[in-house]
>>> print(open('query_30.txt').read())   # compact mmCIF, C-alpha atoms
# COMPACT_ATOMS: atom_id res chain seq x y z
CA MET A 1 42.07 32.90 122.37
CA ALA A 2 43.60 35.42 119.98
CA THR A 3 43.25 34.75 116.27
CA SER A 4 44.18 36.54 113.08
CA LYS A 5 41.14 35.21 111.25
CA PRO A 6 38.30 37.57 110.37
CA GLU A 7 35.30 37.30 112.66
CA LEU A 8 31.96 35.98 111.43
CA ARG A 9 29.35 37.34 113.82
CA ILE A 10 26.26 35.16 114.10
CA GLY A 11 22.68 36.12 114.85
CA LEU A 12 20.51 33.12 115.75
CA ILE A 13 16.72 33.20 115.47
CA GLY A 14 15.09 30.40 117.46
CA THR A 15 16.53 28.31 120.29
CA GLY A 16 14.59 25.04 120.13
CA PHE A 17 15.97 21.67 119.08
CA MET A 18 17.55 22.84 115.85
CA GLY A 19 18.72 26.16 117.28
CA LYS A 20 20.74 24.32 119.89
CA THR A 21 22.01 21.89 117.25
CA HIS A 22 23.31 24.77 115.14
CA VAL A 23 25.14 26.25 118.13
CA PHE A 24 26.67 22.88 118.99
CA GLY A 25 27.69 22.50 115.34
CA PHE A 26 29.47 25.86 115.29
CA ALA A 27 31.16 25.15 118.63
CA THR A 28 32.43 21.78 117.39
CA ALA A 29 33.52 23.09 113.99
CA MET A 30 35.61 25.79 115.70
CA ARG A 31 37.55 23.13 117.59
CA VAL A 32 37.79 20.41 114.95
CA PHE A 33 38.47 22.28 111.70
CA ASP A 34 40.74 25.07 110.52
CA LEU A 35 37.86 27.39 109.59
CA PRO A 36 38.37 30.43 107.34
CA PHE A 37 36.59 32.58 109.94
CA ALA A 38 36.41 32.91 113.71
CA PRO A 39 32.68 32.49 114.46
CA VAL A 40 31.31 34.75 117.18
CA PHE A 41 27.98 34.11 118.94
CA HIS A 42 26.70 37.69 118.81
CA THR A 43 22.92 37.84 119.35
CA VAL A 44 20.14 35.32 119.91
CA ALA A 45 16.42 35.98 119.42
CA ASP A 46 13.51 34.12 121.00
CA VAL A 47 9.80 34.72 121.51
CA THR A 48 10.26 36.52 124.84
CA GLN A 49 13.11 38.54 126.29
CA GLU A 50 13.28 36.16 129.23
CA ALA A 51 13.67 33.14 126.95
CA ALA A 52 16.27 34.98 124.86
CA ASN A 53 18.26 35.98 127.95
CA ASP A 54 18.22 32.40 129.20
CA ALA A 55 19.33 31.09 125.79
CA ALA A 56 22.14 33.64 125.60
CA ARG A 57 23.40 32.53 129.00
CA ARG A 58 23.21 28.82 128.21
CA LEU A 59 24.50 28.97 124.64
CA GLY A 60 27.19 31.64 124.98
CA PHE A 61 25.73 34.62 123.09
CA THR A 62 26.75 38.13 124.08
CA HIS A 63 23.37 39.75 123.35
CA ALA A 64 19.72 38.68 123.47
CA THR A 65 16.47 40.07 122.05
CA ASP A 66 12.79 39.24 121.63
CA ASN A 67 12.75 41.06 118.28
CA TRP A 68 14.30 39.11 115.43
CA ARG A 69 14.27 42.19 113.21
CA GLY A 70 16.78 43.75 115.57
CA ILE A 71 19.24 41.04 114.56
CA ILE A 72 18.62 41.71 110.87
CA ASP A 73 19.16 45.45 111.32
CA ASP A 74 22.32 45.12 113.43
CA PRO A 75 25.27 46.13 111.20
CA GLU A 76 27.67 44.11 113.36
CA ILE A 77 26.06 40.78 112.42
CA ASP A 78 27.31 38.97 109.31
CA LEU A 79 25.31 35.73 109.27
CA ILE A 80 21.64 35.16 110.07
CA ASP A 81 20.89 31.64 111.30
CA ILE A 82 17.16 30.80 111.05
CA THR A 83 15.73 27.90 113.05
CA ALA A 84 12.25 29.37 113.57
CA PRO A 85 9.05 27.56 112.44
CA ASN A 86 8.81 26.84 108.70
CA ALA A 87 6.16 29.49 107.93
CA LEU A 88 8.50 32.25 109.16
CA HIS A 89 11.52 31.31 107.05
CA LYS A 90 10.61 33.40 104.01
CA GLU A 91 10.02 36.70 105.80
CA MET A 92 13.15 36.35 107.90
CA ALA A 93 15.40 35.21 105.06
CA LEU A 94 14.26 37.91 102.64
CA ALA A 95 14.85 40.57 105.29
CA ALA A 96 18.33 39.20 105.96
CA ILE A 97 19.16 39.04 102.26
CA ALA A 98 17.95 42.63 101.76
CA ALA A 99 20.35 43.62 104.54
CA GLY A 100 23.21 41.95 102.69
CA LYS A 101 23.72 39.15 105.19
CA HIS A 102 24.51 35.50 104.56
CA VAL A 103 21.71 33.11 105.57
CA TYR A 104 21.74 29.66 107.14
CA CYS A 105 18.16 28.30 107.22
CA GLU A 106 16.74 25.04 108.45
CA LYS A 107 14.67 22.88 106.12
CA PRO A 108 12.19 22.99 104.57
CA LEU A 109 13.25 26.26 103.01
CA ALA A 110 9.65 27.51 102.72
CA PRO A 111 6.12 26.10 102.77
CA LEU A 112 5.67 26.69 99.02
CA ALA A 113 8.01 26.29 96.08
CA ALA A 114 6.99 29.77 94.88
CA ASP A 115 8.24 31.18 98.20
CA ALA A 116 11.46 29.19 97.97
CA ALA A 117 11.98 30.47 94.42
CA GLU A 118 11.60 34.06 95.61
CA MET A 119 14.17 33.44 98.33
CA ALA A 120 16.63 31.78 95.95
CA THR A 121 16.26 34.59 93.39
CA ALA A 122 16.80 37.26 96.04
CA ALA A 123 19.93 35.53 97.36
CA GLU A 124 21.40 35.23 93.88
CA ALA A 125 20.71 38.89 93.11
CA ALA A 126 22.25 40.03 96.39
CA LYS A 127 25.31 37.77 95.95
CA VAL A 128 25.03 36.46 99.50
CA LYS A 129 25.80 32.87 100.43
CA THR A 130 23.06 30.57 101.65
CA GLN A 131 22.75 27.17 103.26
CA VAL A 132 19.73 24.92 103.92
CA GLY A 133 20.04 22.41 106.76
CA PHE A 134 20.37 19.01 105.11
CA ASN A 135 23.21 17.75 107.28
CA TYR A 136 22.48 14.04 106.74
CA LEU A 137 24.20 14.50 103.36
CA CYS A 138 27.39 15.43 105.22
CA ASN A 139 27.77 11.93 106.64
CA PRO A 140 31.06 10.38 105.43
CA MET A 141 29.16 7.13 104.85
CA LEU A 142 26.81 8.81 102.36
CA GLN A 143 29.79 10.41 100.69
CA HIS A 144 31.41 6.97 100.42
CA ALA A 145 28.20 5.45 99.04
CA ARG A 146 28.03 8.11 96.35
CA ARG A 147 31.64 7.48 95.34
CA MET A 148 30.97 3.75 95.08
CA ILE A 149 27.99 4.41 92.80
CA GLU A 150 29.96 6.85 90.64
CA ARG A 151 32.84 4.37 90.30
CA GLY A 152 30.43 1.70 89.09
CA THR A 153 31.01 -0.58 92.07
CA LEU A 154 27.32 -1.56 92.01
CA GLY A 155 27.12 -1.81 88.23
CA ASP A 156 24.04 -0.25 86.64
CA ILE A 157 21.61 1.01 89.27
CA ILE A 158 18.24 -0.71 89.03
CA GLY A 159 16.26 0.27 92.11
CA TYR A 160 16.17 2.60 95.11
CA ARG A 161 14.15 2.54 98.33
CA GLY A 162 14.31 5.37 100.84
CA ILE A 163 12.42 6.05 104.04
CA HIS A 164 12.43 8.66 106.77
CA ALA A 165 10.23 7.50 109.64
CA GLU A 166 9.82 8.73 113.21
CA ASP A 167 7.06 8.41 115.80
CA TYR A 168 6.78 11.90 117.31
CA MET A 169 3.23 12.30 115.91
CA SER A 170 2.02 8.73 116.54
CA ASP A 171 0.07 9.62 119.71
CA ALA A 172 -3.44 10.73 118.78
CA ASP A 173 -3.59 12.76 122.00
CA ALA A 174 -0.50 14.79 121.10
CA PRO A 175 -1.47 18.43 120.43
CA PHE A 176 -1.97 20.23 117.15
CA THR A 177 1.26 22.07 116.29
CA PHE A 178 2.55 24.34 113.54
CA ARG A 179 3.50 21.18 111.63
CA HIS A 180 -0.20 20.26 111.30
CA ASP A 181 -1.08 23.59 109.74
CA PRO A 182 -1.11 23.47 105.92
CA VAL A 183 1.83 25.90 105.87
CA GLY A 184 3.74 23.33 107.93
CA GLY A 185 3.59 20.97 104.98
CA GLY A 186 2.96 17.61 106.64
CA ALA A 187 5.20 14.56 106.94
CA LEU A 188 6.24 14.68 103.30
CA ALA A 189 7.63 18.21 103.60
CA ASP A 190 9.05 17.71 107.10
CA LEU A 191 10.66 14.27 106.74
CA GLY A 192 10.24 13.42 103.06
CA SER A 193 12.41 16.37 102.12
CA HIS A 194 15.36 14.50 103.68
CA ALA A 195 14.47 11.29 101.84
CA LEU A 196 14.25 13.15 98.53
CA ALA A 197 17.51 15.04 99.09
CA THR A 198 19.31 11.78 99.83
CA ALA A 199 17.82 10.06 96.78
CA GLU A 200 18.97 12.78 94.39
CA PHE A 201 22.32 13.15 96.13
CA LEU A 202 23.04 9.47 95.48
CA LEU A 203 21.36 8.80 92.13
CA GLY A 204 20.90 12.18 90.46
CA PRO A 205 17.69 13.92 89.36
CA VAL A 206 14.22 12.49 89.75
CA THR A 207 12.23 13.08 86.56
CA ARG A 208 8.80 11.60 87.36
CA VAL A 209 6.79 11.04 90.54
CA MET A 210 3.60 9.27 91.59
CA GLY A 211 2.45 10.31 95.07
CA ASP A 212 0.12 9.07 97.78
CA LEU A 213 -0.69 11.01 100.97
CA VAL A 214 -2.47 9.62 104.05
CA THR A 215 -3.82 11.46 107.11
CA VAL A 216 -3.90 8.90 109.92
CA ILE A 217 -5.14 11.15 112.75
CA PRO A 218 -7.83 13.45 111.28
CA SER A 219 -8.09 15.90 114.20
CA ARG A 220 -6.14 17.05 117.25
CA ARG A 221 -6.66 19.46 120.13
CA ASP A 222 -4.71 22.69 120.05
CA ALA A 223 -3.11 24.41 123.05
CA GLY A 224 -6.46 25.99 123.94
CA GLY A 225 -8.25 22.64 123.98
CA ASN A 226 -10.10 23.25 120.72
CA ILE A 227 -10.41 20.41 118.21
CA ARG A 228 -8.60 21.24 114.98
CA LYS A 229 -8.98 19.38 111.70
CA VAL A 230 -5.70 18.04 110.31
CA ASP A 231 -5.40 18.61 106.57
CA VAL A 232 -1.77 17.53 106.09
CA ASP A 233 -0.37 14.06 105.59
CA ASP A 234 0.90 11.86 108.41
CA ILE A 235 2.37 9.50 105.83
CA GLY A 236 3.60 10.52 102.38
CA ARG A 237 4.85 8.07 99.78
CA ALA A 238 6.02 8.37 96.20
CA PHE A 239 7.21 6.18 93.37
CA LEU A 240 10.17 7.74 91.59
CA ARG A 241 11.77 7.56 88.14
CA PHE A 242 15.33 8.87 87.83
CA ALA A 243 16.98 10.41 84.77
CA SER A 244 19.49 7.55 84.90
CA GLY A 245 16.72 5.04 84.16
CA ALA A 246 16.55 3.71 87.71
CA SER A 247 13.24 3.54 89.53
CA GLY A 248 12.45 3.67 93.21
CA SER A 249 10.32 4.89 96.07
CA ILE A 250 10.44 7.03 99.21
CA GLU A 251 8.28 7.16 102.33
CA ALA A 252 7.88 9.89 104.95
CA ASN A 253 6.11 8.83 108.13
CA TRP A 254 5.85 10.63 111.46
CA CYS A 255 3.46 8.05 112.94
CA ALA A 256 5.88 5.12 112.69
CA THR A 257 5.49 3.72 116.19
CA GLY A 258 8.84 2.86 117.75
CA ARG A 259 10.98 4.62 115.15
CA LYS A 260 13.04 7.54 116.44
CA MET A 261 15.28 8.22 113.44
CA GLN A 262 14.86 5.82 110.54
CA HIS A 263 16.48 7.63 107.65
CA ASP A 264 17.35 4.57 105.55
CA PHE A 265 18.05 3.69 101.95
CA GLU A 266 18.72 0.57 99.93
CA ILE A 267 20.18 0.67 96.43
CA HIS A 268 20.24 -2.32 94.08
CA GLY A 269 22.58 -2.55 91.09
CA THR A 270 23.47 -5.24 88.58
CA GLU A 271 26.70 -6.02 90.45
CA GLY A 272 25.85 -5.22 94.04
CA SER A 273 23.74 -3.42 96.62
CA LEU A 274 24.08 -0.90 99.44
CA HIS A 275 22.07 -0.58 102.61
CA PHE A 276 22.23 2.28 105.12
CA SER A 277 20.33 3.18 108.28
CA GLN A 278 20.55 6.50 110.12
CA GLU A 279 19.92 4.56 113.34
CA ARG A 280 23.43 3.12 112.82
CA PHE A 281 24.82 5.89 110.68
CA ASN A 282 28.49 5.05 111.17
CA GLU A 283 27.95 1.93 109.05
CA LEU A 284 27.34 1.20 105.37
CA HIS A 285 26.54 -2.33 104.17
CA HIS A 286 27.71 -3.57 100.77
CA TYR A 287 26.72 -6.73 98.88
CA ASP A 288 29.04 -7.74 96.02
CA THR A 289 27.69 -10.18 93.43
CA ARG A 290 31.26 -10.92 92.32
CA ALA A 291 32.21 -12.49 95.64
CA ALA A 292 32.98 -16.19 95.52
CA PRO A 293 30.09 -18.62 96.04
CA GLY A 294 29.73 -19.39 99.70
CA LEU A 295 31.20 -16.02 100.69
CA ARG A 296 28.38 -13.78 99.55
CA GLY A 297 26.51 -11.54 101.98
CA PHE A 298 26.34 -7.94 103.10
CA THR A 299 29.71 -6.68 104.36
CA ARG A 300 29.76 -3.91 106.96
CA ILE A 301 31.90 -0.87 106.10
CA GLU A 302 32.67 0.90 109.37
CA ALA A 303 33.34 4.64 109.50
CA GLY A 304 36.92 5.62 110.24
CA PRO A 305 39.75 7.96 109.24
CA ASP A 306 39.67 6.49 105.71
CA HIS A 307 36.34 8.31 105.29
CA PRO A 308 37.22 12.02 105.67
CA PRO A 309 36.64 14.15 107.58
CA TYR A 310 36.05 11.46 110.24
CA GLY A 311 39.76 11.57 111.12
CA GLU A 312 39.49 15.23 112.13
CA PHE A 313 37.16 14.17 114.93
CA CYS A 314 38.85 10.92 115.99
CA VAL A 315 41.95 9.02 114.85
CA ALA A 316 40.44 5.63 115.74
CA PRO A 317 37.94 3.78 113.52
CA GLY A 318 34.73 2.51 115.06
CA HIS A 319 34.47 5.23 117.71
CA GLN A 320 31.71 6.93 115.72
CA LEU A 321 30.52 10.40 114.82
CA GLY A 322 27.31 11.93 116.21
CA PHE A 323 24.41 13.97 114.85
CA ASN A 324 25.91 17.30 115.93
CA ASP A 325 29.18 16.36 114.22
CA LEU A 326 27.30 16.23 110.90
CA LYS A 327 26.19 19.81 111.57
CA ALA A 328 29.82 20.77 112.18
CA ILE A 329 30.78 19.33 108.77
CA GLU A 330 27.88 21.21 107.15
CA ILE A 331 29.05 24.44 108.80
CA LEU A 332 32.64 23.90 107.68
CA GLU A 333 31.60 23.73 104.04
CA PHE A 334 29.20 26.67 104.33
CA LEU A 335 31.90 28.88 105.84
CA ARG A 336 34.30 27.80 103.10
CA ALA A 337 31.67 28.90 100.58
CA ILE A 338 31.32 32.28 102.29
CA ALA A 339 35.10 32.65 102.09
CA GLY A 340 34.98 31.93 98.35
CA GLU A 341 36.94 28.69 98.67
CA THR A 342 34.17 26.46 97.27
CA SER A 343 30.60 26.58 96.00
CA GLU A 344 27.59 26.50 98.30
CA PRO A 345 27.19 22.94 99.60
CA PHE A 346 23.37 23.06 99.67
CA GLY A 347 22.18 26.60 99.04
CA PHE A 348 18.72 28.06 98.49
CA GLU A 349 18.64 26.82 94.88
CA ALA A 350 19.07 23.25 96.14
CA GLY A 351 16.44 23.87 98.82
CA LEU A 352 14.07 25.11 96.10
CA ARG A 353 14.66 21.92 94.16
CA ILE A 354 13.57 19.75 97.09
CA GLN A 355 10.47 21.87 97.78
CA THR A 356 9.56 21.61 94.10
CA LEU A 357 9.74 17.81 94.31
CA VAL A 358 7.59 17.83 97.45
CA GLU A 359 4.92 19.89 95.70
CA ARG A 360 4.94 17.72 92.58
CA ILE A 361 4.37 14.65 94.76
CA GLN A 362 1.52 16.43 96.53
CA GLN A 363 0.02 17.42 93.17
CA SER A 364 0.43 13.88 91.89
CA ALA A 365 -1.38 12.47 94.93
CA ARG A 366 -4.32 14.82 94.33
CA ALA A 367 -4.40 14.06 90.61
CA GLY A 368 -3.92 10.32 91.03
CA ARG A 369 -1.35 10.05 88.24
CA TRP A 370 2.33 10.30 87.38
CA LEU A 371 3.73 13.80 86.94
CA ASN A 372 6.99 15.00 85.42
CA THR A 373 9.38 17.10 87.51
CA ALA A 374 11.59 19.99 86.53
CA ALA A 375 15.33 19.37 86.23
CA ALA A 376 17.54 20.30 89.16
CA PRO A 377 18.01 24.11 89.18
CA SER A 378 21.77 24.34 88.90
CA SER A 379 23.25 20.90 88.19
CA ASP A 380 22.41 17.25 87.71
CA ARG A 381 22.29 16.76 91.47
CA PRO A 382 22.52 19.04 94.48
CA ASP A 383 26.10 19.90 95.38
CA ALA A 384 27.42 18.10 98.44
CA PRO A 385 30.12 19.06 100.90
CA LYS A 386 33.50 18.08 99.48
CA GLN A 387 34.78 15.77 102.16
CA GLY A 388 38.49 15.55 102.67
CA ALA A 389 39.22 19.09 101.58
CA GLN A 390 40.16 20.06 105.12
CA GLN A 391 43.05 17.83 106.22
>>> encode(input="query_30.txt", output="structure tokens")
Amino acid sequence: MATSKPELRIGLIGTGFMGKTHVFGFATAMRVFDLPFAPVFHTVADVTQEAANDAARRLGFTHATDNWRGIIDDPEIDLIDITAPNALHKEMALAAIAAGKHVYCEKPLAPLAADAAEMATAAEAAKVKTQVGFNYLCNPMLQHARRMIERGTLGDIIGYRGIHAEDYMSDADAPFTFRHDPVGGGALADLGSHALATAEFLLGPVTRVMGDLVTVIPSRRDAGGNIRKVDVDDIGRAFLRFASGASGSIEANWCATGRKMQHDFEIHGTEGSLHFSQERFNELHHYDTRAAPGLRGFTRIEAGPDHPPYGEFCVAPGHQLGFNDLKAIEILEFLRAIAGETSEPFGFEAGLRIQTLVERIQQSARAGRWLNTAAAPSSDRPDAPKQGAQQ
């Protein structure tokens, strides 16, 4: 289909779960939103040429390669999309930034905050736009929750509880993977990063942390059958103190038997509460202390066109958005940032902030005491996609 919009040619590195999700997000965003660019699936890279060729055929890319550096060096490519294992993010992103390309990178940004800081500094110096994959924040229900908090609907916020729990590591016979390597970061870095991003998105900066890390399964067999010691956490928890005066906690758990996607939070205020579960992420539950006696209880707020940009996907309330739709919203706002229409929704500076929090919790767990955290790098809370801007 002919278009007058400038092309944005994409090079994708990695075609696993998140690689596919990014492609689905771009494909949906192109159909749902009036994007400032016409995205083009240019080249995909995978570990072998055969795998790359297969991915190109299935996902609609014109070219395929087993050498990710070839994507970086290709002058035709504008945006590098990184969904490779965590330990590779830094090398790939820095190479892309040095080549003057915009970078879309899955979380966590890097295994170490020092690495994330180097990446953020390089991106700022090169004046390229960046995005870290925290698409849960793009949910219209989280946007609505934040507006309710900012309007004072809950009164003064007293407490917060957040959890991200799944069970994909609960089987002791499951193999040792890159996530069990210290550079993988453990459950706190892998899942807790989402819980921390959501906490600060809703309530602003965390100023103090007290951490506790637990390794449930101390060893696993690798692909070669060798027993490997596991040094990272299977469960990471932290008590939090917010700059607002609120207190709370988060948990990251990848051994939570039976849980497939429990990214939940509960917020208590002097005049009400909110409860949210990612397992039913088209709903937000609100308790209002000002309701008449006999009528009090949690009221379900159901996602619909009154919660933009839901209406761009479906004109009927209750029909629900999906996980890949949240990626499409994330991509919309990132492309608007590249076009200069808005600021980065969750750039490398915001990704650095989350990695810094993860490391402070890890340090606190080792020290057995509360530790202060640095303020958010660029604002009181990470910027979020501005819902409703595209109508």
>>> closest_residue(input="query_30.txt", among="A:Val32, A:Lys5, A:His286, A:Ile149", to="Leu326 in chain A", atoms="only C-alpha atoms")
A:Val32
>>> closest_residue(input="query_30.txt", among="A:Pro85, A:Gly14, A:Pro111, A:Pro140", to="Gly311 in chain A", atoms="only C-alpha atoms")
A:Pro140
>>> axis_aligned_box(input="query_30.txt", around="range 328-343 of chain A", padding_each_side="8 Å", output="JSON")
{"center_x": 32.4, "center_y": 26.0, "center_z": 104.1, "size_x": 25.1, "size_y": 29.3, "size_z": 32.2}
>>> atom_distance(input="query_30.txt", atom1="CA of Arg208 in chain A", atom2="CA of Arg241 in chain A")
5.1 Å
>>> closest_residue(input="query_30.txt", among="A:Ala113, A:Val132, A:Ala256, A:Ile361", to="Ala238 in chain A", atoms="all atoms listed in the file")
A:Ile361
>>> closest_residue(input="query_30.txt", among="A:Arg366, A:Arg151, A:Lys90, A:Arg179", to="Ala120 in chain A", atoms="only C-alpha atoms")
A:Lys90
>>> residues_around(input="query_30.txt", residues="Ala55 in chain A", least_positions_apart="2", cutoff="12 Å", atoms="all atoms listed in the file", output="PyMOL selection string")
chain A and resi 12-16+19-20+23+41+43-53+57-66
>>> residues_around(input="query_30.txt", residues="Thr130 in chain A", least_positions_apart="4", cutoff="8 Å", atoms="all atoms listed in the file", output="PDB file with C-alpha atoms, keeping the file's coordinate frame")
ATOM      1  CA  HIS A 102      24.510  35.500 104.560  1.00  0.00           C
ATOM      2  CA  VAL A 103      21.710  33.110 105.570  1.00  0.00           C
ATOM      3  CA  TYR A 104      21.740  29.660 107.140  1.00  0.00           C
ATOM      4  CA  CYS A 105      18.160  28.300 107.220  1.00  0.00           C
ATOM      5  CA  ALA A 123      19.930  35.530  97.360  1.00  0.00           C
ATOM      6  CA  PHE A 334      29.200  26.670 104.330  1.00  0.00           C
ATOM      7  CA  GLU A 344      27.590  26.500  98.300  1.00  0.00           C
ATOM      8  CA  PHE A 346      23.370  23.060  99.670  1.00  0.00           C
ATOM      9  CA  GLY A 347      22.180  26.600  99.040  1.00  0.00           C
ATOM     10  CA  PHE A 348      18.720  28.060  98.490  1.00  0.00           C
TER      11      PHE A 348
END
>>> atom_distance(input="query_30.txt", atom1="CA of Met261 in chain A", atom2="CA of His164 in chain A")
7.3 Å
>>> decode(input="query_30.txt", residues="range 331-344 of chain A", atoms="N, CA and C atoms", output="CSV table (one decimal), in the first residue's frame")
chain,number,residue,atom,x,y,z
A,331,ILE,N,5.1,0.9,21.0
A,331,ILE,CA,5.7,1.3,19.8
A,331,ILE,C,5.2,2.6,19.2
A,332,LEU,N,3.9,2.8,19.3
A,332,LEU,CA,3.3,4.1,18.9
A,332,LEU,C,4.1,5.2,19.6
A,333,GLU,N,4.2,5.2,20.9
A,333,GLU,CA,4.8,6.3,21.6
A,333,GLU,C,6.3,6.4,21.3
A,334,PHE,N,7.0,5.3,21.1
A,334,PHE,CA,8.4,5.4,20.8
A,334,PHE,C,8.6,6.0,19.4
A,335,LEU,N,7.8,5.6,18.4
A,335,LEU,CA,7.9,6.2,17.1
A,335,LEU,C,7.5,7.7,17.1
A,336,ARG,N,6.6,8.1,18.0
A,336,ARG,CA,6.3,9.5,18.1
A,336,ARG,C,7.5,10.3,18.7
A,337,ALA,N,8.2,9.6,19.6
A,337,ALA,CA,9.4,10.2,20.1
A,337,ALA,C,10.5,10.4,19.1
A,338,ILE,N,10.7,9.4,18.2
A,338,ILE,CA,11.7,9.4,17.2
A,338,ILE,C,11.3,10.6,16.2
A,339,ALA,N,10.0,10.8,16.0
A,339,ALA,CA,9.6,11.9,15.1
A,339,ALA,C,9.6,13.2,15.8
A,340,GLY,N,10.0,13.3,17.0
A,340,GLY,CA,10.1,14.6,17.7
A,340,GLY,C,8.8,15.1,18.2
A,341,GLU,N,7.7,14.3,18.2
A,341,GLU,CA,6.4,14.7,18.7
A,341,GLU,C,6.2,14.7,20.2
A,342,THR,N,7.0,13.9,20.9
A,342,THR,CA,6.9,13.7,22.3
A,342,THR,C,8.3,13.3,22.9
A,343,SER,N,8.4,13.2,24.2
A,343,SER,CA,9.6,12.7,24.8
A,343,SER,C,9.6,11.2,24.8
A,344,GLU,N,10.8,10.6,25.0
A,344,GLU,CA,10.9,9.1,25.1
A,344,GLU,C,10.0,8.6,26.2
